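S.K.: This is the structure, below, for whatever I ask next.
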Amino acid sequence: MKILVAVKRVVDYNVKIRVKPDGSGVELANVKMSMNPFDEIAVEEAVRLKEAGAAEEIVAISVGPKQSADTIRTALAMGADRGIHVQTDAIVEPLAVAKLLKAIAETEKPDLVILGKQAIDDDCNQTGQMLAALLNWGQGTFAYKLEASEGRAKVTREVDGGLQTVDLKLPAIVTADLRLNEPRYASLPNIMKAKKKPIETKTPEDFGVDIARRIEVLKTEEPEMRKAGVKVASVDELVDKLKNEAGVL
Amino acid sequence: MTTLLLADHDKGQLSAETAKALTAAKALGADVHLLVVGADGASVAEAAAGLDGVAKVLTAGGDALAHQLAEPVAALLVSLAGDYDAIVAASSTSGKNVLPRVAALLDMMQISDVTSVEGPDTFKRPTYAGNAIETVRTSDAKRIMTIRTSSFEAAGSGADAAPIEAVSVSVEQPGLSSFVSEELATSERPELGSATVVVSGGRALGSSEKFKDVIMPLADKLNAAVGASRAAVDAGYAPNDWQVGQTGKVVAPELYIACGISGAIQHLAGMKDSKVIVAINKDEEAPIFQVADYGLVGDLFELVPELTSKV
Ligand SMILES: Cc1cc2nc3c(=O)[nH]c(=O)nc-3n(C[C@H](O)[C@H](O)[C@H](O)COP(=O)(O)OP(=O)(O)OC[C@H]3O[C@@H](n4cnc5c(N)ncnc54)[C@H](O)[C@@H]3O)c2cc1C
Ligand SMILES: Nc1ncnc2c1ncn2[C@@H]1O[C@H](COP(=O)(O)O)[C@@H](O)[C@H]1O
């Protein structure tokens with residue numbers, strides 16, 4: 001089977017971001033960027049399917065600025081075979097990303113598209129579900145376990161009360177949750193090899209997709225900061241404070 | 001026009017999240033219809049009809065909808081959408097699964113995790129694990145939104161029961177996916193999302209036995225829900241649905257007690273709106289102390305049992 005994976009370039013999860021004082025957004029200059037952690041899990045899952053002989057080809061796709069090509073390179077170093085970079089400097093909302101991925105899926109004809117469940121910058125948790133809708137395919141979101149076989153995929157999903165397993169007819173969409181696997185680090189030889197793997201560069205216009213934003217961000221603010229409280233010296237003092245000061249016991 | 005709110009329910013019980021999402025739905029200023037999809041809808045519909053501010057309860061059953069899979073539920077919502085100018089659900093795993101599918105089928109953007117309704121088309125929502133709060137305005141014809149329920153009070157109940165109607169449209173199982181099985185934890189404990197006290201354990205617990213021996217007695221004593229850090233869940237000390245954080249559950253109880261949790265931004269994202277935070281950690285520099293109202297430095301294996309015996 002053939003697998004597409006969607007990989008987004010985002011602010012590294014270890015960075016403590018800063019909101020610009022004028023409220024116009026988040027400071028992105030000179031900030032470390034990485035592949036969205038859930039997308040690393042998506043790539044890893046695809047590579048494992050390939051290593052197990054269940055998949056033949058993995059295509060990594062990223063929508064974003066010039067540097068998103070580096071994110072695709074990371075996916076290639078992990079084991080993807082080639083990349084498609086839809087280059088744009090605009091902020092692209094999940095619906096527009098889904099439309100671009102749909103256009104690519106229509107020509108690539110994959111059996112499975114694996115995405116992250118959520119991008120850790122916009123925290124939207126939408127793109128996979130939207131892509132499934134636009135393609136009229138089944139969806140296995142928040143995947144904890146994936147078993148793919150000829151024409152079908154069994155996905156165990158992390159849901160509020162525990163786990164749910166669904167059976168999907170392929171082609172289908174899967175979105176990766178944290179416990180699906182532990183992504184590998186690319187080895188140096190594989191990083192070198194990845195430099196030779198092809199990346200095709202496209203633009204949203206090539207696909208005739210309108211990426212105009214539907215949601216206008218009027219203002220970006222820091223959340224209300226909590227003040228650090230006090231250290232108490234003993235359990236007795238804690239119980240006393242919780243009872244008599246905070247009134248929560 | 002009218003707002004349609006998708007109810008969350010499980011095993012014949014209306015989820016407490018729905019009453020909170022209802023408060024956000026009412027803030028849009030229009031009548032709210034509550035839609036109950038799936039099997040065991042009858043008792044849920046009755047509970048829903050008693051919530052204050054529900055104008056009508058709609059029910060939709062049948063085989064295709066029995067397990068509330070995203071594909072048929074989204075098809076149902078799209079067929080009802082013409083009568084509504086807002087479609088709302090809690091940011092539960094079910095709401096997050098279904099609503100983006102609805103939005104895409106209507107060619108609209110969803111607004112995820114709304115924490116405040118600022119006007120009929122203007123909302124606040126957190127991004128970057130809650131480290132930046134955006135005020136956003138949609139230009140789409142309808143508002144499709146999921147609600148971060150920890151930011152809203154639950155609507156009351158006891159009002160005159162709203163009328164209950166079965167929807168007239170029927171959906172067929174599109175054959176894209178089918179339900180296989182589920183493993184849902186059953187517990188007598190309060191739900192994480194609605195408990196007034198949450199006791200959480202982190203990697204420091206070291207094993208599921210210790211988690212049980214140290215965290216559970218305190219939770220029992222306080223009638224608390226139990227939470228966990230991702231590290232504790234990944235290590236198998238606690239089940240996945242206990243994870244609190246950016247990618248787990250977001251909670252805002254009256255009292256949150258973090259035991260052996262360092263306070264990574266991804267964890268803080270899920271609990272920093274709690275009213276009172278207590279942290280127990282042996283590292284006095286742990287970042288969790290920066291958000292804790294009361295910090296206790298020391299070994300949790302001594303301090304937590306002592307606390308259990310004294311509350
Ligand atoms: C994409 C992504 C999403 C994530 N989402 C989440 C999420 O939703 N929720 C979440 O929690 N994490 C999440 N994480 C993980 C997060 O970054 C941290 O790794 C995690 O929260 C750490 O868990 P912890 O605090 O239990 O473990 P650690 O960071 O290892 O902390 C253990 C703490 O226990 C203390 N300790 C050790 N022994 C004792 C003792 N005997 N007595 C008292 N204290 C002791 C230590 O001092 C330390 O502070 C996410 C990460 C990524 C990349
Ligand atoms: N610009 C993008 N390029 C590639 N993949 C993306 C992009 N935006 C979102 N995705 C994919 O969609 C998932 C969910 O993103 P979101 O809906 O924004 O939370 C991500 O984990 C990626 O797999």
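The way I read the labels, and the way they are meant: chains A, B, ... in the order of the structure tokens, residue 1 as the first residue of every chain, and ligand 1 as the first ligand shown, with later ones counted on from there.
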Should the cut-off be 7 Å, what would the residue list for chain B against chain A look like, counting only C-alpha atoms, as a ChimeraX atom specification?
M.R.: /B:71,92-93,97,100-101,104-105,109,112,127-129,131-140,176-185,234,240-241,254-255,289-296,303,306-307,311
S.K.: Within 12 Å of Met192 in chain A, counting only C-alpha atoms, which residues qualify if same-chain residues fewer than 6 places away don't, as a VMD selection string?
M.R.: chain A and resid 73 to 74 76 to 79 186
S.K.: Using N, CA and C atoms, can you export the residues from the last selection as a PDB file, in the first residue's frame?
M.R.:
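See part-v7.pdb below for the written result:
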```pdb
ATOM      1  N   ARG A  73      12.518  16.912   5.025  1.00  0.00           N
ATOM      2  CA  ARG A  73      13.806  16.175   5.069  1.00  0.00           C
ATOM      3  C   ARG A  73      13.878  15.287   6.309  1.00  0.00           C
ATOM      4  N   THR A  74      13.404  15.808   7.425  1.00  0.00           N
ATOM      5  CA  THR A  74      13.408  14.993   8.646  1.00  0.00           C
ATOM      6  C   THR A  74      12.579  13.727   8.431  1.00  0.00           C
ATOM      7  N   LEU A  76      12.011  12.277   5.620  1.00  0.00           N
ATOM      8  CA  LEU A  76      12.751  11.420   4.677  1.00  0.00           C
ATOM      9  C   LEU A  76      13.868  10.682   5.409  1.00  0.00           C
ATOM     10  N   ALA A  77      14.494  11.374   6.365  1.00  0.00           N
ATOM     11  CA  ALA A  77      15.574  10.739   7.128  1.00  0.00           C
ATOM     12  C   ALA A  77      15.021   9.650   8.043  1.00  0.00           C
ATOM     13  N   MET A  78      13.786   9.803   8.466  1.00  0.00           N
ATOM     14  CA  MET A  78      13.173   8.754   9.302  1.00  0.00           C
ATOM     15  C   MET A  78      12.767   7.548   8.455  1.00  0.00           C
ATOM     16  N   GLY A  79      12.626   7.749   7.141  1.00  0.00           N
ATOM     17  CA  GLY A  79      12.294   6.594   6.309  1.00  0.00           C
ATOM     18  C   GLY A  79      11.249   6.828   5.225  1.00  0.00           C
ATOM     19  N   ALA A 186      16.522   9.987  13.557  1.00  0.00           N
ATOM     20  CA  ALA A 186      17.150   9.624  12.295  1.00  0.00           C
ATOM     21  C   ALA A 186      18.643   9.431  12.530  1.00  0.00           C
TER      22      ALA A 186
END
```
S.K.: Within 7 Å of ligand 1, counting only C-alpha atoms and all ligand atoms, which protein or nucleic acid residues do you find, written as a PDB file with C-alpha atoms, in the first residue's frame?
M.R.:
```
ATOM      1  CA  TYR A  13       7.599  21.818  21.981  1.00  0.00           C
ATOM      2  CA  PRO A  37       5.523  15.880  17.660  1.00  0.00           C
ATOM      3  CA  PHE A  38       2.347  14.086  16.619  1.00  0.00           C
ATOM      4  CA  ILE A 120       0.854  22.038  18.887  1.00  0.00           C
TER       5      ILE A 120
ATOM      6  CA  GLY B 201       0.256  11.510  40.074  1.00  0.00           C
ATOM      7  CA  GLY B 202       3.374  11.710  37.918  1.00  0.00           C
ATOM      8  CA  ARG B 203       6.362   9.674  36.882  1.00  0.00           C
ATOM      9  CA  ALA B 204       7.678   9.777  40.453  1.00  0.00           C
ATOM     10  CA  ALA B 228      -1.975  11.668  35.767  1.00  0.00           C
ATOM     11  CA  SER B 229       0.856  13.202  33.818  1.00  0.00           C
ATOM     12  CA  ARG B 230       1.696  11.884  30.392  1.00  0.00           C
ATOM     13  CA  ALA B 231       4.844  10.293  31.773  1.00  0.00           C
ATOM     14  CA  ALA B 232       2.770   8.296  34.280  1.00  0.00           C
ATOM     15  CA  GLN B 243      -4.014  12.170  31.324  1.00  0.00           C
ATOM     16  CA  VAL B 244      -4.299  15.851  32.151  1.00  0.00           C
ATOM     17  CA  GLY B 245      -2.739  18.383  29.790  1.00  0.00           C
ATOM     18  CA  GLN B 246      -2.479  19.985  26.376  1.00  0.00           C
ATOM     19  CA  THR B 247      -3.320  16.723  24.700  1.00  0.00           C
ATOM     20  CA  GLY B 248      -5.251  15.059  27.480  1.00  0.00           C
ATOM     21  CA  CYS B 259       2.065  14.627  43.385  1.00  0.00           C
ATOM     22  CA  GLY B 260       5.459  13.962  41.818  1.00  0.00           C
ATOM     23  CA  ILE B 261       4.713  15.958  38.685  1.00  0.00           C
ATOM     24  CA  SER B 262       7.391  18.347  37.430  1.00  0.00           C
ATOM     25  CA  GLY B 263       5.037  20.840  35.760  1.00  0.00           C
ATOM     26  CA  ALA B 264       5.934  20.728  32.045  1.00  0.00           C
ATOM     27  CA  ILE B 265       4.051  23.348  29.997  1.00  0.00           C
ATOM     28  CA  GLN B 266       2.030  20.561  28.393  1.00  0.00           C
ATOM     29  CA  HIS B 267       0.830  19.440  31.821  1.00  0.00           C
ATOM     30  CA  GLY B 270      -4.465  21.097  31.466  1.00  0.00           C
ATOM     31  CA  ILE B 280       4.108  17.934  46.354  1.00  0.00           C
ATOM     32  CA  ASN B 281       7.568  17.435  44.873  1.00  0.00           C
ATOM     33  CA  LYS B 282      11.001  16.667  46.268  1.00  0.00           C
ATOM     34  CA  ASP B 283      12.691  19.143  43.925  1.00  0.00           C
ATOM     35  CA  ALA B 286      10.309  22.054  40.005  1.00  0.00           C
ATOM     36  CA  GLY B 298       9.656  16.458  50.131  1.00  0.00           C
ATOM     37  CA  ASP B 299       9.190  12.787  49.412  1.00  0.00           C
ATOM     38  CA  LEU B 300       5.672  12.076  48.232  1.00  0.00           C
ATOM     39  CA  PHE B 301       5.813   8.515  49.550  1.00  0.00           C
TER      40      PHE B 301
END
```
S.K.: Within 9 Å of range 44-55 of chain A, counting only C-alpha atoms, which residues show up once you throw out same-chain ones fewer than 6 positions away? Write them as a ChimeraX atom specification, please.
M.R.: /A:1-5,75,78-80,114,146-150,176,180-184
S.K.: Taking the DSSP assignment computed from this structure's backbone, write out as a PyMOL selection string all residues of range 98-207 of chain A that belong to helix (DSSP H, G or I).
M.R.: chain A and resi 98-108+127-135+178-180+188-194+204-207
